[in-house]
>>> print(open('my_file_7.txt').read())   # compact mmCIF, C-alpha atoms and all ligand atoms
# COMPACT_ATOMS: atom_id res chain seq x y z
CA MET A 12 33.02 8.16 -44.87
CA ASP A 13 31.45 11.56 -45.51
CA ARG A 14 33.35 14.75 -46.23
CA TYR A 15 32.63 18.07 -44.56
CA ALA A 16 33.51 21.70 -45.14
CA LEU A 17 33.49 24.14 -42.26
CA LEU A 18 33.17 27.84 -42.95
CA ILE A 19 35.04 30.10 -40.53
CA ARG A 20 33.51 33.32 -39.22
CA PRO A 21 34.81 36.28 -41.21
CA SER A 22 35.75 37.94 -37.91
CA ALA A 23 38.18 35.09 -37.13
CA ASN A 24 40.25 36.01 -40.15
CA ARG A 25 40.57 39.53 -38.80
CA VAL A 26 41.43 38.36 -35.26
CA TYR A 27 44.08 35.84 -36.24
CA SER A 28 45.48 37.58 -39.34
CA GLY A 29 46.00 34.59 -41.59
CA THR A 30 46.14 31.84 -38.96
CA ALA A 31 42.39 31.29 -38.45
CA VAL A 32 42.38 28.09 -40.53
CA ALA A 33 45.33 26.56 -38.64
CA LEU A 34 43.85 27.43 -35.21
CA THR A 35 40.46 26.02 -36.18
CA GLN A 36 42.11 22.83 -37.43
CA ALA A 37 43.90 22.37 -34.08
CA GLU A 38 40.70 23.09 -32.12
CA LEU A 39 38.79 20.64 -34.33
CA GLU A 40 41.36 17.92 -33.70
CA ILE A 41 40.96 18.40 -29.95
CA PHE A 42 37.15 18.15 -30.34
CA SER A 43 37.64 14.95 -32.31
CA ARG A 44 39.96 13.32 -29.77
CA SER A 45 37.98 14.43 -26.78
CA VAL A 46 34.28 14.04 -27.56
CA LEU A 47 33.99 12.48 -31.04
CA GLY A 48 36.01 9.32 -30.43
CA GLY A 49 38.64 10.34 -32.99
CA ARG A 50 36.07 10.04 -35.81
CA ILE A 51 37.24 13.21 -37.55
CA ARG A 52 40.07 12.47 -39.99
CA ASP A 53 42.08 14.13 -42.74
CA ILE A 54 41.65 17.63 -41.37
CA GLY A 55 42.79 20.03 -44.06
CA GLY A 56 41.86 23.18 -45.92
CA GLU A 57 40.35 23.89 -49.30
CA VAL A 58 39.22 26.93 -51.25
CA ILE A 59 35.69 26.34 -52.54
CA GLY A 60 34.12 28.97 -54.77
CA GLY A 61 36.92 31.34 -53.83
CA VAL A 62 36.29 30.99 -50.06
CA PRO A 63 38.64 29.12 -47.69
CA TYR A 64 37.09 26.23 -45.72
CA VAL A 65 38.43 23.80 -43.13
CA THR A 66 37.71 20.35 -44.54
CA PHE A 67 37.60 16.93 -42.90
CA ALA A 68 36.27 13.40 -43.25
CA GLY A 69 34.18 11.47 -40.77
CA ASP A 70 30.88 9.82 -40.00
CA LEU A 71 28.98 12.39 -38.03
CA ASP A 72 25.62 12.02 -36.41
CA GLU A 73 23.79 15.23 -37.33
CA ALA A 74 21.84 15.49 -34.07
CA ARG A 75 24.44 14.39 -31.51
CA ASP A 76 27.79 15.43 -32.99
CA ALA A 77 26.54 18.78 -34.29
CA ALA A 78 25.75 19.79 -30.69
CA PHE A 79 29.48 19.41 -29.94
CA LEU A 80 30.81 20.99 -33.14
CA ALA A 81 28.48 23.96 -32.72
CA HIS A 82 30.78 24.97 -29.84
CA LEU A 83 33.82 25.51 -32.11
CA SER A 84 34.96 29.06 -31.46
CA ALA A 85 35.13 30.14 -35.11
CA ILE A 86 32.35 28.05 -36.67
CA TYR A 87 30.05 29.97 -39.01
CA ALA A 88 28.48 27.13 -41.01
CA LEU A 89 29.06 23.44 -41.57
CA PHE A 90 28.35 21.56 -44.80
CA GLN A 91 28.38 17.96 -45.85
CA VAL A 92 30.09 17.73 -49.25
CA ARG A 93 28.29 15.41 -51.69
CA ASP A 94 28.99 15.25 -55.41
CA GLY A 95 30.60 18.68 -55.30
CA LEU A 96 27.55 20.22 -53.60
CA LEU A 97 27.41 21.62 -50.07
CA ARG A 98 24.49 20.44 -47.91
CA PRO A 99 24.03 22.64 -44.80
CA PHE A 100 24.42 20.73 -41.54
CA ASP A 101 22.25 22.00 -38.73
CA ILE A 102 24.41 23.49 -35.94
CA PRO A 103 22.34 24.66 -32.98
CA SER A 104 23.97 27.60 -31.18
CA PRO A 105 25.03 26.66 -27.63
CA ASP A 106 24.75 30.28 -26.45
CA ARG A 107 22.00 31.24 -24.05
CA LEU A 108 22.85 34.95 -23.88
CA ASP A 109 23.30 37.45 -26.73
CA ASP A 110 26.76 37.94 -28.16
CA ASP A 111 26.85 41.65 -27.33
CA LEU A 112 27.65 40.50 -23.78
CA VAL A 113 31.19 39.89 -25.06
CA THR A 114 31.41 42.57 -27.74
CA ILE A 115 30.07 45.79 -26.18
CA GLN A 116 32.92 46.45 -23.76
CA LYS A 117 35.96 47.91 -25.48
CA TYR A 118 39.12 48.69 -23.50
CA GLN A 119 42.86 48.42 -23.71
CA GLY A 120 44.05 44.98 -22.64
CA LYS A 121 40.80 43.19 -23.50
CA THR A 122 41.32 39.61 -24.59
CA ASN A 123 39.63 38.99 -27.93
CA GLU A 124 36.30 37.28 -27.27
CA GLN A 125 36.67 34.68 -29.99
CA PHE A 126 40.12 33.68 -28.79
CA THR A 127 38.74 33.51 -25.23
CA ARG A 128 36.09 31.05 -26.43
CA LEU A 129 38.80 28.96 -28.09
CA LEU A 130 40.81 28.84 -24.86
CA LEU A 131 37.71 27.95 -22.83
CA ASN A 132 36.79 25.17 -25.31
CA VAL A 133 40.23 23.63 -25.45
CA THR A 134 40.52 23.69 -21.65
CA LEU A 135 37.09 22.13 -21.18
CA LEU A 136 37.77 19.45 -23.81
CA SER A 137 40.98 18.55 -21.99
CA SER A 138 39.21 17.97 -18.69
CA ALA A 139 37.76 14.66 -17.57
CA PHE A 140 34.31 16.28 -17.82
CA ALA A 141 34.45 16.95 -21.59
CA PRO A 142 31.64 14.50 -22.52
CA GLY A 143 29.25 16.78 -20.61
CA LEU A 144 30.09 19.78 -22.83
CA ALA A 145 26.68 19.98 -24.49
CA ASP A 146 24.51 19.27 -21.47
CA ARG A 147 26.03 20.04 -18.09
CA LYS A 148 26.88 23.18 -16.19
CA PHE A 149 30.60 23.81 -15.66
CA ALA A 150 32.18 25.97 -12.96
CA VAL A 151 34.86 28.24 -14.44
CA LEU A 152 37.39 30.49 -12.69
CA ASP A 153 39.37 33.22 -14.41
CA PRO A 154 41.91 34.26 -11.75
CA LEU A 155 43.13 37.28 -13.82
CA CYS A 156 39.72 38.26 -15.13
CA GLY A 157 40.17 41.90 -16.18
CA ARG A 158 36.77 43.17 -17.26
CA GLY A 159 35.34 39.71 -17.64
CA THR A 160 35.68 38.35 -21.18
CA THR A 161 36.11 34.76 -19.89
CA LEU A 162 33.35 35.22 -17.33
CA ASN A 163 30.98 36.49 -20.00
CA GLN A 164 31.78 33.64 -22.40
CA ALA A 165 31.18 31.14 -19.59
CA LEU A 166 27.88 32.82 -18.70
CA ARG A 167 26.73 32.68 -22.33
CA LEU A 168 27.20 28.90 -22.21
CA GLY A 169 25.06 28.63 -19.06
CA PHE A 170 28.05 28.00 -16.75
CA ASP A 171 28.92 29.38 -13.31
CA ALA A 172 31.69 31.97 -13.60
CA ALA A 173 34.12 33.28 -10.98
CA GLY A 174 36.86 35.86 -11.35
CA VAL A 175 39.68 37.54 -9.47
CA GLU A 176 41.12 40.89 -10.56
CA HIS A 177 43.35 43.17 -8.49
CA ASP A 178 42.71 46.35 -10.45
CA ARG A 179 39.81 48.07 -8.70
CA LYS A 180 38.94 50.12 -11.79
CA ASP A 181 38.54 46.94 -13.86
CA PHE A 182 36.52 45.27 -11.11
CA GLU A 183 34.17 48.24 -10.74
CA ALA A 184 33.83 48.69 -14.51
CA TYR A 185 32.88 45.04 -14.91
CA ALA A 186 30.46 45.06 -11.97
CA THR A 187 28.68 48.11 -13.40
CA PHE A 188 28.68 46.70 -16.92
CA ILE A 189 27.20 43.31 -16.04
CA ARG A 190 24.45 44.75 -13.85
CA THR A 191 23.48 47.27 -16.52
CA TRP A 192 23.55 44.63 -19.25
CA LEU A 193 21.39 42.15 -17.31
CA LYS A 194 18.89 44.90 -16.54
CA ARG A 195 18.77 46.14 -20.12
CA LYS A 196 18.25 42.60 -21.43
CA ARG A 197 15.60 41.97 -18.75
CA ILE A 198 17.43 38.88 -17.53
CA LYS A 199 16.26 37.81 -14.10
CA HIS A 200 19.00 38.19 -11.50
CA HIS A 201 19.70 39.24 -7.94
CA ALA A 202 22.81 40.01 -5.92
CA ASP A 203 23.59 37.56 -3.10
CA TYR A 204 26.40 39.83 -1.96
CA ASP A 205 27.99 43.11 -3.03
CA GLY A 206 30.55 44.66 -0.72
CA PRO A 207 33.83 44.30 1.17
CA VAL A 208 35.29 40.98 2.33
CA ARG A 209 36.88 41.02 5.79
CA ARG A 210 39.26 38.60 7.49
CA ASP A 211 40.40 39.19 11.06
CA GLY A 212 38.89 42.67 11.01
CA GLN A 213 40.74 43.70 7.83
CA VAL A 214 39.27 44.30 4.41
CA ILE A 215 41.02 41.87 2.03
CA GLY A 216 38.97 42.58 -1.09
CA ARG A 217 35.61 43.41 -2.61
CA ARG A 218 33.17 40.87 -3.93
CA LEU A 219 30.10 40.74 -6.14
CA GLN A 220 28.00 37.58 -6.16
CA LEU A 221 25.08 37.52 -8.59
CA ARG A 222 22.60 34.79 -9.43
CA LEU A 223 20.95 34.83 -12.85
CA ALA A 224 19.08 32.65 -15.30
CA ALA A 225 18.50 33.26 -19.00
CA ASP A 226 15.12 31.55 -18.78
CA PRO A 227 12.63 33.05 -16.27
CA ALA A 228 11.23 29.55 -15.53
CA ASP A 229 14.73 28.38 -14.51
CA TYR A 230 15.10 31.44 -12.30
CA LYS A 231 11.80 30.75 -10.59
CA ALA A 232 12.78 27.12 -10.02
CA GLY A 233 16.16 28.15 -8.55
CA ARG A 234 18.17 26.77 -11.50
CA THR A 235 20.48 29.77 -11.57
CA GLN A 236 24.03 30.51 -12.68
CA LEU A 237 26.41 32.06 -10.17
CA LEU A 238 28.67 34.97 -11.10
CA ASP A 239 31.23 35.57 -8.35
CA VAL A 240 33.85 38.29 -8.87
CA VAL A 241 36.47 39.34 -6.36
CA SER A 242 38.76 42.35 -6.38
CA ALA A 243 42.00 41.10 -4.81
CA ASP A 244 45.45 39.84 -5.62
CA THR A 245 45.16 36.50 -7.39
CA THR A 246 47.69 34.86 -5.08
CA ARG A 247 44.96 35.17 -2.44
CA ALA A 248 42.36 33.35 -4.57
CA PRO A 249 42.34 30.33 -2.19
CA GLU A 250 41.13 32.66 0.59
CA PHE A 251 37.95 33.39 -1.37
CA PHE A 252 37.03 30.00 -2.83
CA ARG A 253 36.95 26.52 -1.34
CA ARG A 254 39.36 23.83 -2.52
CA ALA A 255 38.18 21.75 -5.48
CA THR A 256 35.42 24.22 -6.43
CA PHE A 257 36.09 24.61 -10.15
CA ASP A 258 36.00 22.33 -13.20
CA LEU A 259 38.12 24.78 -15.19
CA VAL A 260 40.60 27.58 -14.63
CA VAL A 261 40.89 29.68 -17.78
CA THR A 262 42.98 32.82 -17.99
CA ASP A 263 44.90 35.21 -20.16
CA ALA A 264 48.07 36.19 -18.32
CA PRO A 265 49.42 39.75 -18.39
CA TYR A 266 51.30 40.39 -21.60
CA GLY A 267 54.08 42.37 -20.02
CA ILE A 268 53.19 45.35 -22.22
CA GLN A 269 49.84 46.95 -21.37
CA HIS A 270 49.74 45.09 -18.06
CA GLY A 271 52.53 44.51 -15.61
CA SER A 272 52.08 41.50 -13.38
CA THR A 273 52.30 42.38 -9.74
CA THR A 274 53.25 39.67 -7.32
CA GLY A 275 53.30 39.43 -3.56
CA ALA A 276 50.23 39.59 -1.36
CA GLY A 277 51.33 42.56 0.75
CA ALA A 278 51.42 46.04 -0.79
CA GLY A 279 55.04 46.45 0.34
CA GLN A 280 56.09 43.40 -1.65
CA ARG A 281 54.41 44.52 -4.86
CA ARG A 282 56.62 45.00 -7.87
CA LEU A 283 56.07 45.29 -11.54
CA ALA A 284 57.49 42.44 -13.60
CA ARG A 285 57.81 42.35 -17.37
CA SER A 286 57.38 38.59 -17.52
CA PRO A 287 54.30 36.91 -16.09
CA LEU A 288 56.42 33.93 -14.94
CA ASP A 289 56.91 35.33 -11.42
CA LEU A 290 53.18 35.84 -11.10
CA LEU A 291 52.46 32.33 -12.40
CA ALA A 292 55.01 30.78 -10.04
CA ASP A 293 53.34 32.52 -7.08
CA ALA A 294 49.74 31.92 -8.13
CA VAL A 295 49.48 28.59 -10.00
CA PRO A 296 49.79 26.33 -6.90
CA GLY A 297 46.79 28.14 -5.39
CA TRP A 298 44.79 27.95 -8.63
CA ALA A 299 45.59 24.22 -8.97
CA GLY A 300 44.17 23.62 -5.49
CA LEU A 301 40.89 25.23 -6.54
CA LEU A 302 40.47 22.71 -9.37
CA ARG A 303 38.53 19.49 -8.92
CA ASP A 304 40.36 16.25 -9.73
CA GLY A 305 39.98 15.78 -13.50
CA GLY A 306 39.61 19.53 -13.98
CA ALA A 307 41.82 21.47 -16.39
CA LEU A 308 43.68 24.75 -16.47
CA GLY A 309 44.23 26.76 -19.66
CA ILE A 310 46.52 29.78 -19.86
CA ALA A 311 47.23 32.14 -22.72
CA TRP A 312 50.37 34.26 -22.59
CA ASN A 313 52.91 36.14 -24.64
CA THR A 314 55.78 33.85 -25.64
CA LEU A 315 57.99 36.88 -26.39
CA VAL A 316 58.23 37.57 -22.63
CA ALA A 317 58.00 34.02 -21.23
CA PRO A 318 59.17 30.83 -22.96
CA ARG A 319 56.71 27.93 -23.21
CA ALA A 320 59.02 25.46 -21.45
CA GLU A 321 59.27 27.67 -18.37
CA ALA A 322 55.51 28.22 -18.15
CA ALA A 323 55.02 24.44 -18.56
CA ARG A 324 57.52 23.79 -15.74
CA ILE A 325 55.49 25.98 -13.39
CA LEU A 326 52.27 24.09 -14.19
CA ALA A 327 53.97 20.71 -13.76
CA GLY A 328 55.51 21.90 -10.51
CA ALA A 329 52.00 22.51 -9.17
CA GLY A 330 51.16 18.83 -9.75
CA LEU A 331 49.36 19.36 -13.06
CA GLU A 332 49.82 17.20 -16.13
CA VAL A 333 50.75 19.41 -19.09
CA LEU A 334 49.21 18.39 -22.43
CA ASP A 335 51.90 19.09 -24.97
CA ASP A 336 51.52 16.86 -28.00
CA GLY A 337 50.02 17.24 -31.51
CA PRO A 338 47.32 19.94 -31.65
CA TYR A 339 48.37 21.36 -28.27
CA ARG A 340 51.53 22.63 -29.99
CA ALA A 341 49.63 24.27 -32.85
CA PHE A 342 48.06 27.34 -31.21
CA GLU A 343 50.92 29.83 -31.20
CA HIS A 344 50.08 32.87 -33.35
CA ARG A 345 51.08 36.46 -33.89
CA VAL A 346 48.87 39.14 -32.33
CA ASP A 347 51.04 42.17 -33.13
CA GLN A 348 54.67 43.21 -33.20
CA ALA A 349 55.04 42.85 -29.42
CA ILE A 350 52.85 39.78 -28.80
CA ARG A 351 53.09 36.17 -29.96
CA ARG A 352 50.31 34.40 -28.14
CA ASP A 353 50.29 30.73 -27.21
CA ILE A 354 48.23 28.56 -24.90
CA LEU A 355 49.16 25.88 -22.40
CA ILE A 356 46.70 23.32 -21.09
CA ALA A 357 47.23 21.15 -18.02
CA ARG A 358 45.02 18.69 -16.21
CA ARG A 359 44.67 17.96 -12.52
CA PRO A 360 45.03 14.17 -12.34
C1 LIG B 401 45.62 40.06 -20.13
S1 LIG B 401 44.70 40.82 -18.86
C2 LIG B 401 43.20 39.88 -18.85
C3 LIG B 401 42.13 40.56 -19.63
C4 LIG B 401 40.80 39.86 -19.53
N1 LIG B 401 40.85 38.51 -20.09
C5 LIG B 401 39.75 40.70 -20.24
O1 LIG B 401 39.43 40.41 -21.41
O2 LIG B 401 39.31 41.70 -19.66
C6 LIG B 401 45.48 40.31 -17.37
C7 LIG B 401 44.84 40.85 -16.12
O3 LIG B 401 45.57 40.38 -14.99
C8 LIG B 401 45.45 41.37 -13.97
N2 LIG B 401 46.50 41.08 -12.95
C9 LIG B 401 47.85 41.19 -13.09
N3 LIG B 401 48.46 40.81 -11.93
C10 LIG B 401 47.48 40.44 -11.07
C11 LIG B 401 47.46 39.94 -9.74
N4 LIG B 401 48.60 39.75 -9.08
N5 LIG B 401 46.27 39.67 -9.15
C12 LIG B 401 45.11 39.86 -9.83
N6 LIG B 401 45.06 40.35 -11.09
C13 LIG B 401 46.21 40.62 -11.71
C14 LIG B 401 45.63 42.67 -14.73
O4 LIG B 401 45.14 43.77 -14.00
C15 LIG B 401 44.84 42.37 -16.01
O5 LIG B 401 43.51 42.81 -15.89
>>> encode(input="my_file_7.txt", output="structure tokens")
Amino acid sequence: MDRYALLIRPSANRVYSGTAVALTQAELEIFSRSVLGGRIRDIGGEVIGGVPYVTFAGDLDEARDAAFLAHLSAIYALFQVRDGLLRPFDIPSPDRLDDDLVTIQKYQGKTNEQFTRLLLNVTLLSSAFAPGLADRKFAVLDPLCGRGTTLNQALRLGFDAAGVEHDRKDFEAYATFIRTWLKRKRIKHHADYDGPVRRDGQVIGRRLQLRLAADPADYKAGRTQLLDVVSADTTRAPEFFRRATFDLVVTDAPYGIQHGSTTGAGAGQRRLARSPLDLLADAVPGWAGLLRDGGALGIAWNTLVAPRAEAARILAGAGLEVLDDGPYRAFEHRVDQAIRRDILIARRP
């Protein structure tokens, strides 16, 4: 069995302040279980030449398995360790769009882009569609999408991305940003729709639907990605999307600090809650209905304002199967004094 050493992006150490190795180890274990037939063993850590690495044993196929491991959210380089020497392992980047798509926008309440990729990966790997990670297009919904970090990460991977965000300023800022970015990068795209959405004569939200393709030949052949963003309350998400539309629902819930969660579809019922649990209780059944059978939902939230067991109860109550063993319990980490972030993953049977 060969030994490997994985070098973590320097930025991950800044994002996770000391927990980057542990988070990468948990993510790696989920990759192993889900798409590598459990062939990765003895996941650990080692300092080599003064630099910390995540180490593991396994028999990897350089062409096939590297295409999966290249998706790891914090991977910088991968080496095979032989006789104390590091042989670089070729890891082809899965990204079709430049990384400034997720780094340019800076605003209060932004979810870190690297953490967003981790959440997207772990959710995808927990779905029944995981084996298609390296070669199929997934449909992803972020029902609390802010200014689009999840949407942008999904687009970079060549996926379809949909979002719901009730804050009009965030919606407009994202719509302007993405159009400007696509234009500046000369990426072929067109808007299918950009304007108000009406039901029974009333405006219930605004919507932007764009089609794009990183490769002009794909665009010409109609092999496009769909970006579909709605400005509305997330509890109304099922009014905008058909049942069983998405492979994945991936979201970062309001932290109860910068963002309040507002619940209730009517303006009169709106209230600001410190804990996102009320919002999740109202919205998760609708989100679950938008998932295909075998699809998965991944949520990040602040455990200081909502205990894990209660969030898990809400997911289970919506008919989802919560994944709660081994590596799924290893993602909790400190963000700052007011936020301890954790993730919960659940599958639609
Ligand atoms: C933690 S932020 C997500 C940030 C996002 N991932 C990003 O990087 O831009 C949570 C978002 O949920 C939105 N939100 C809160 N309650 C909502 C509701 N009832 N319907 C829709 N969006 C809501 C907030 O406006 C906020 O943008």
>>> closest_residue(input="my_file_7.txt", among="A:Gly337, A:Gly306, A:Gly174, A:Pro21", to="Pro360 of chain A", atoms="only C-alpha atoms")
A:Gly306
>>> closest_atom_pairs(input="my_file_7.txt", of="segment 124-172 of chain A", to="segment 29-52 of chain A", cutoff="8 Å", atoms="only C-alpha atoms", output="CSV")
residue,atom,partner,partner_atom,distance
A:Leu129,CA,A:Glu38,CA,7.4
A:Val133,CA,A:Glu38,CA,6.7
A:Leu136,CA,A:Ser45,CA,5.8
A:Ser137,CA,A:Ser45,CA,7.0
A:Ala141,CA,A:Val46,CA,6.6
A:Pro142,CA,A:Val46,CA,5.7
>>> atom_distance(input="my_file_7.txt", atom1="atom CA of Asp70 of chain A", atom2="atom CA of Asp13 of chain A")
5.8 Å
>>> closest_atom_pairs(input="my_file_7.txt", of="chain A", to="ligand LIG 401 (chain B)", cutoff="7 Å", atoms="all atoms listed in the file", output="JSON lines")
{"residue": "A:Gly120", "atom": "CA", "partner": "B:LIG401", "partner_atom": "S1", "distance": 5.7}
{"residue": "A:Lys121", "atom": "CA", "partner": "B:LIG401", "partner_atom": "O1", "distance": 3.7}
{"residue": "A:Thr122", "atom": "CA", "partner": "B:LIG401", "partner_atom": "O1", "distance": 3.8}
{"residue": "A:Asn123", "atom": "CA", "partner": "B:LIG401", "partner_atom": "O1", "distance": 6.7}
{"residue": "A:Pro154", "atom": "CA", "partner": "B:LIG401", "partner_atom": "C12", "distance": 6.7}
{"residue": "A:Leu155", "atom": "CA", "partner": "B:LIG401", "partner_atom": "O3", "distance": 4.1}
{"residue": "A:Cys156", "atom": "CA", "partner": "B:LIG401", "partner_atom": "C4", "distance": 4.8}
{"residue": "A:Gly157", "atom": "CA", "partner": "B:LIG401", "partner_atom": "O5", "distance": 3.5}
{"residue": "A:Arg158", "atom": "CA", "partner": "B:LIG401", "partner_atom": "O2", "distance": 3.8}
{"residue": "A:Gly159", "atom": "CA", "partner": "B:LIG401", "partner_atom": "O2", "distance": 4.9}
{"residue": "A:Thr160", "atom": "CA", "partner": "B:LIG401", "partner_atom": "O1", "distance": 4.3}
{"residue": "A:Thr161", "atom": "CA", "partner": "B:LIG401", "partner_atom": "N1", "distance": 6.0}
{"residue": "A:Val175", "atom": "CA", "partner": "B:LIG401", "partner_atom": "C12", "distance": 5.9}
{"residue": "A:Glu176", "atom": "CA", "partner": "B:LIG401", "partner_atom": "N6", "distance": 4.0}
{"residue": "A:His177", "atom": "CA", "partner": "B:LIG401", "partner_atom": "C12", "distance": 4.0}
{"residue": "A:Asp178", "atom": "CA", "partner": "B:LIG401", "partner_atom": "O4", "distance": 5.0}
{"residue": "A:Asp181", "atom": "CA", "partner": "B:LIG401", "partner_atom": "O5", "distance": 6.8}
{"residue": "A:Ala243", "atom": "CA", "partner": "B:LIG401", "partner_atom": "C12", "distance": 6.0}
{"residue": "A:Asp244", "atom": "CA", "partner": "B:LIG401", "partner_atom": "N5", "distance": 3.6}
{"residue": "A:Thr245", "atom": "CA", "partner": "B:LIG401", "partner_atom": "N5", "distance": 3.8}
{"residue": "A:Thr246", "atom": "CA", "partner": "B:LIG401", "partner_atom": "N4", "distance": 6.4}
{"residue": "A:Thr262", "atom": "CA", "partner": "B:LIG401", "partner_atom": "N1", "distance": 6.4}
{"residue": "A:Asp263", "atom": "CA", "partner": "B:LIG401", "partner_atom": "C1", "distance": 4.9}
{"residue": "A:Ala264", "atom": "CA", "partner": "B:LIG401", "partner_atom": "C1", "distance": 4.9}
{"residue": "A:Pro265", "atom": "CA", "partner": "B:LIG401", "partner_atom": "C6", "distance": 4.1}
{"residue": "A:Tyr266", "atom": "CA", "partner": "B:LIG401", "partner_atom": "C1", "distance": 5.9}
{"residue": "A:His270", "atom": "CA", "partner": "B:LIG401", "partner_atom": "C14", "distance": 5.8}
{"residue": "A:Gly271", "atom": "CA", "partner": "B:LIG401", "partner_atom": "C9", "distance": 6.3}
{"residue": "A:Ser272", "atom": "CA", "partner": "B:LIG401", "partner_atom": "N3", "distance": 4.0}
{"residue": "A:Thr273", "atom": "CA", "partner": "B:LIG401", "partner_atom": "N4", "distance": 4.6}
{"residue": "A:Thr274", "atom": "CA", "partner": "B:LIG401", "partner_atom": "N4", "distance": 5.0}
{"residue": "A:Leu290", "atom": "CA", "partner": "B:LIG401", "partner_atom": "N4", "distance": 6.4}
>>> write_last_selection(input="my_file_7.txt", atoms="C-alpha atoms", output="compact mmCIF listing (two decimals), in the frame of the given file")
# COMPACT_ATOMS: atom_id res chain seq x y z
CA GLY A 120 44.05 44.98 -22.64
CA LYS A 121 40.80 43.19 -23.50
CA THR A 122 41.32 39.61 -24.59
CA ASN A 123 39.63 38.99 -27.93
CA PRO A 154 41.91 34.26 -11.75
CA LEU A 155 43.13 37.28 -13.82
CA CYS A 156 39.72 38.26 -15.13
CA GLY A 157 40.17 41.90 -16.18
CA ARG A 158 36.77 43.17 -17.26
CA GLY A 159 35.34 39.71 -17.64
CA THR A 160 35.68 38.35 -21.18
CA THR A 161 36.11 34.76 -19.89
CA VAL A 175 39.68 37.54 -9.47
CA GLU A 176 41.12 40.89 -10.56
CA HIS A 177 43.35 43.17 -8.49
CA ASP A 178 42.71 46.35 -10.45
CA ASP A 181 38.54 46.94 -13.86
CA ALA A 243 42.00 41.10 -4.81
CA ASP A 244 45.45 39.84 -5.62
CA THR A 245 45.16 36.50 -7.39
CA THR A 246 47.69 34.86 -5.08
CA THR A 262 42.98 32.82 -17.99
CA ASP A 263 44.90 35.21 -20.16
CA ALA A 264 48.07 36.19 -18.32
CA PRO A 265 49.42 39.75 -18.39
CA TYR A 266 51.30 40.39 -21.60
CA HIS A 270 49.74 45.09 -18.06
CA GLY A 271 52.53 44.51 -15.61
CA SER A 272 52.08 41.50 -13.38
CA THR A 273 52.30 42.38 -9.74
CA THR A 274 53.25 39.67 -7.32
CA LEU A 290 53.18 35.84 -11.10
>>> residues_around(input="my_file_7.txt", residues="Glu250 of chain A", least_positions_apart="4", cutoff="12 Å", atoms="all atoms listed in the file", output="PyMOL selection string")
chain A and resi 175+208-210+215-216+241+243-246+254+276+297-298+300-301
>>> closest_residue(input="my_file_7.txt", among="A:Arg75, A:Arg352, A:Arg247, A:Arg359", to="Gly328 of chain A", atoms="only C-alpha atoms")
A:Arg359
>>> closest_residue(input="my_file_7.txt", among="A:Leu17, A:Ile59, A:His344, A:Gln116", to="Ala88 of chain A", atoms="only C-alpha atoms")
A:Leu17
>>> atom_distance(input="my_file_7.txt", atom1="atom CA of Leu135 of chain A", atom2="atom CA of Leu334 of chain A")
12.7 Å
